[in-house]
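> Quick one: this structure, given as structure tokens, is what I'll be asking you about.
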Amino acid sequence: QTILEAIEVGYRHFDTAALYQTEQPLGEAISDALRLGLIKSRDELFITSKLWCSDAHHDCVLPALKKTLKNLKLEYLDLYLIHWPVSVKPGEYELPVKKKDLVPIDLKSVWEAMEECQALGLTKSIGVSNFSCKKLETILSTAKIPPAVNQVEMNPMWQQKKLRKFCDEKGILIESYSPLGAKGTLWGTNRVMECELLKEIAQAKGKSLAQVCLRWAYEQGVCVLVKSFNKERMKQNLDIFDWKLSAEESRKISQLPQFKGFPAGEFVSDDGPYRSLEELWDGEI
Ligand code: A2P
């Protein structure tokens, strides 16, 4: 129902993942939207899904994508992402992962399998999520198809300036997840929605704090993935295109102190492939 409401309001890009267990309901909603005539053809939508860590092994990638497509009842994805630069032993689909199951990811061979998926036409494009500049460099050093996208946490409290500059130079589009800080979730933080500066700017402009965050991300030239189950907030979150932040407001936001909401310590272990957050993020934390 939420997806149908989002389509009615005007959303066309939906982001799911094998891990989220939202592929099936999204697929059902897409079928319903076609049946109800909310959209005329599947091509009007942009659908992203992600390869979970337990399938981040060369021979597991194609079967994982086929399962994702079956869940979604689709013939192709628009974008398929490696969810994390992490492999765990095959078979487990849960977060937190068991630390004893963490194994080093072979980026070269996993990326080759992603390229095969695109060559087969099962996805229009391929990319990654939660990758540092260094890990992107590793992929770029052998890739035949460079990643189209790096989907990462990005909001005014975690602006990703270094990564954005790198991705701009390489022609990799940044997608912002948790653009509002994902308040109240396992991976979220209250700092964004409680930021005094953002409150002041919102009040001065007669906009909501969420709209200020979304407009800010949009003005940075990134793709923004915002989530709401509430139709009024869905509408509000789309209403960011006929006004802008002043240079002074942007300057003040750019100086906010930085805090990563989701460091992802679950992927760090004393005897695993990443022994510290520094190693997982290659110092970009
Ligand atoms: P709800 O579904 O009740 O609207 P993020 O996109 O950073 O992951 O944040 C998602 C969270 O932010 C959800 O809890 C969502 O709750 C809430 N949210 C989405 N849009 C707004 C908005 N315009 N104002 C306040 N909270 C919002």
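Ligands are numbered from 1 in the order shown, residues from 1 within each chain, and chains are lettered A, B, ... in the order they appear in the structure tokens.
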Using 10 Å as the limit and counting only C-alpha atoms, can you tabulate each residue of segment 58-133 of chain A that touches segment 172-185 of chain A, with its shortest atom-to-atom distance in Å and the two atoms involved, as a tab-separated table?


```
residue	atom	partner	partner_atom	distance
A:Gly127	CA	A:Ile172	CA	8.7
A:Val128	CA	A:Ile174	CA	9.9
A:Ser129	CA	A:Glu175	CA	8.7
A:Asn130	CA	A:Tyr177	CA	9.9
```

> Counting only C-alpha atoms and all ligand atoms, which protein, DNA or RNA residues come within 10 Å of ligand 1, given as a count of residues only?

44

> List the spatial neighbours of Ser246 of chain A as a VMD selection string - criterion: any atom at most 12 Å away, only C-alpha atoms, same-chain residues fewer than 6 positions off excluded.

chain A and resid 201 204 to 205 212 215 to 216 219 252 to 253

> Output the selection as a PDB file, in the first residue's frame - all heavy atoms for each residue.


```
ATOM      1  N   ILE A 201      17.342  27.164  10.019  1.00  0.00           N
ATOM      2  CA  ILE A 201      17.195  27.409   8.572  1.00  0.00           C
ATOM      3  C   ILE A 201      15.774  27.061   8.135  1.00  0.00           C
ATOM      4  O   ILE A 201      15.133  27.807   7.388  1.00  0.00           O
ATOM      5  CB  ILE A 201      18.243  26.604   7.766  1.00  0.00           C
ATOM      6  CG1 ILE A 201      19.650  27.113   8.086  1.00  0.00           C
ATOM      7  CG2 ILE A 201      17.971  26.683   6.264  1.00  0.00           C
ATOM      8  CD1 ILE A 201      20.781  26.314   7.454  1.00  0.00           C
ATOM      9  N   ALA A 204      13.364  29.768   9.266  1.00  0.00           N
ATOM     10  CA  ALA A 204      13.523  31.008   8.504  1.00  0.00           C
ATOM     11  C   ALA A 204      12.920  30.881   7.098  1.00  0.00           C
ATOM     12  O   ALA A 204      12.422  31.854   6.545  1.00  0.00           O
ATOM     13  CB  ALA A 204      15.013  31.369   8.421  1.00  0.00           C
ATOM     14  N   LYS A 205      12.973  29.677   6.536  1.00  0.00           N
ATOM     15  CA  LYS A 205      12.488  29.507   5.160  1.00  0.00           C
ATOM     16  C   LYS A 205      11.029  29.074   5.080  1.00  0.00           C
ATOM     17  O   LYS A 205      10.480  28.947   3.984  1.00  0.00           O
ATOM     18  CB  LYS A 205      13.329  28.440   4.424  1.00  0.00           C
ATOM     19  CG  LYS A 205      14.782  28.792   4.306  1.00  0.00           C
ATOM     20  CD  LYS A 205      15.489  27.920   3.284  1.00  0.00           C
ATOM     21  CE  LYS A 205      15.556  28.526   1.898  1.00  0.00           C
ATOM     22  NZ  LYS A 205      16.320  29.754   1.796  1.00  0.00           N
ATOM     23  N   VAL A 212      14.774  20.770   4.253  1.00  0.00           N
ATOM     24  CA  VAL A 212      16.090  21.437   4.167  1.00  0.00           C
ATOM     25  C   VAL A 212      17.175  20.394   3.890  1.00  0.00           C
ATOM     26  O   VAL A 212      18.055  20.589   3.044  1.00  0.00           O
ATOM     27  CB  VAL A 212      16.385  22.245   5.457  1.00  0.00           C
ATOM     28  CG1 VAL A 212      17.830  22.724   5.493  1.00  0.00           C
ATOM     29  CG2 VAL A 212      15.418  23.425   5.571  1.00  0.00           C
ATOM     30  N   ARG A 215      16.755  19.163   0.217  1.00  0.00           N
ATOM     31  CA  ARG A 215      17.171  20.197  -0.731  1.00  0.00           C
ATOM     32  C   ARG A 215      18.700  20.324  -0.724  1.00  0.00           C
ATOM     33  O   ARG A 215      19.332  20.474  -1.771  1.00  0.00           O
ATOM     34  CB  ARG A 215      16.509  21.534  -0.378  1.00  0.00           C
ATOM     35  CG  ARG A 215      16.906  22.691  -1.276  1.00  0.00           C
ATOM     36  CD  ARG A 215      16.303  22.592  -2.664  1.00  0.00           C
ATOM     37  NE  ARG A 215      17.102  23.330  -3.626  1.00  0.00           N
ATOM     38  CZ  ARG A 215      16.794  23.496  -4.905  1.00  0.00           C
ATOM     39  NH1 ARG A 215      15.698  22.960  -5.417  1.00  0.00           N
ATOM     40  NH2 ARG A 215      17.569  24.162  -5.705  1.00  0.00           N
ATOM     41  N   TRP A 216      19.282  20.258   0.471  1.00  0.00           N
ATOM     42  CA  TRP A 216      20.742  20.354   0.577  1.00  0.00           C
ATOM     43  C   TRP A 216      21.403  19.226  -0.224  1.00  0.00           C
ATOM     44  O   TRP A 216      22.297  19.477  -1.042  1.00  0.00           O
ATOM     45  CB  TRP A 216      21.179  20.295   2.053  1.00  0.00           C
ATOM     46  CG  TRP A 216      22.668  20.194   2.181  1.00  0.00           C
ATOM     47  CD1 TRP A 216      23.568  21.218   2.114  1.00  0.00           C
ATOM     48  CD2 TRP A 216      23.422  18.988   2.326  1.00  0.00           C
ATOM     49  NE1 TRP A 216      24.848  20.722   2.195  1.00  0.00           N
ATOM     50  CE2 TRP A 216      24.786  19.362   2.332  1.00  0.00           C
ATOM     51  CE3 TRP A 216      23.093  17.643   2.452  1.00  0.00           C
ATOM     52  CZ2 TRP A 216      25.807  18.437   2.463  1.00  0.00           C
ATOM     53  CZ3 TRP A 216      24.113  16.707   2.573  1.00  0.00           C
ATOM     54  CH2 TRP A 216      25.454  17.111   2.582  1.00  0.00           C
ATOM     55  N   GLU A 219      21.033  19.730  -3.922  1.00  0.00           N
ATOM     56  CA  GLU A 219      21.934  20.777  -4.428  1.00  0.00           C
ATOM     57  C   GLU A 219      23.390  20.302  -4.523  1.00  0.00           C
ATOM     58  O   GLU A 219      24.202  20.916  -5.208  1.00  0.00           O
ATOM     59  CB  GLU A 219      21.832  22.041  -3.550  1.00  0.00           C
ATOM     60  CG  GLU A 219      20.514  22.760  -3.763  1.00  0.00           C
ATOM     61  CD  GLU A 219      20.384  24.070  -2.977  1.00  0.00           C
ATOM     62  OE1 GLU A 219      21.394  24.554  -2.422  1.00  0.00           O
ATOM     63  OE2 GLU A 219      19.264  24.605  -2.939  1.00  0.00           O
ATOM     64  N   LYS A 252      26.926  27.600   5.994  1.00  0.00           N
ATOM     65  CA  LYS A 252      26.785  27.192   7.396  1.00  0.00           C
ATOM     66  C   LYS A 252      26.606  25.672   7.512  1.00  0.00           C
ATOM     67  O   LYS A 252      27.188  25.038   8.383  1.00  0.00           O
ATOM     68  CB  LYS A 252      25.575  27.898   8.029  1.00  0.00           C
ATOM     69  CG  LYS A 252      25.836  29.357   8.364  1.00  0.00           C
ATOM     70  CD  LYS A 252      24.638  29.905   9.109  1.00  0.00           C
ATOM     71  CE  LYS A 252      24.816  31.371   9.452  1.00  0.00           C
ATOM     72  NZ  LYS A 252      23.532  32.028   9.756  1.00  0.00           N
ATOM     73  N   ILE A 253      25.808  25.095   6.614  1.00  0.00           N
ATOM     74  CA  ILE A 253      25.605  23.630   6.662  1.00  0.00           C
ATOM     75  C   ILE A 253      26.940  22.921   6.396  1.00  0.00           C
ATOM     76  O   ILE A 253      27.282  21.937   7.052  1.00  0.00           O
ATOM     77  CB  ILE A 253      24.522  23.179   5.647  1.00  0.00           C
ATOM     78  CG1 ILE A 253      23.158  23.726   6.071  1.00  0.00           C
ATOM     79  CG2 ILE A 253      24.476  21.653   5.534  1.00  0.00           C
ATOM     80  CD1 ILE A 253      22.010  23.455   5.090  1.00  0.00           C
TER      81      ILE A 253
END
```

> Ranking A:Ile3, A:Cys53, A:Ala202, A:Ala217 by minimum distance to Trp158 of chain A and counting only C-alpha atoms, which one comes first?

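Using only C-alpha atoms, the shortest distance to Trp158 of chain A belongs to A:Ala217.
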
> Identify which of the residues A:Ser141, A:Ser31, A:Ser49, A:Gln159 lies closest to Leu256 of chain A, counting only C-alpha atoms when measuring atom-to-atom distances.

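Comparing A:Ser141, A:Ser31, A:Ser49, A:Gln159 against Leu256 of chain A, the winner is A:Gln159.
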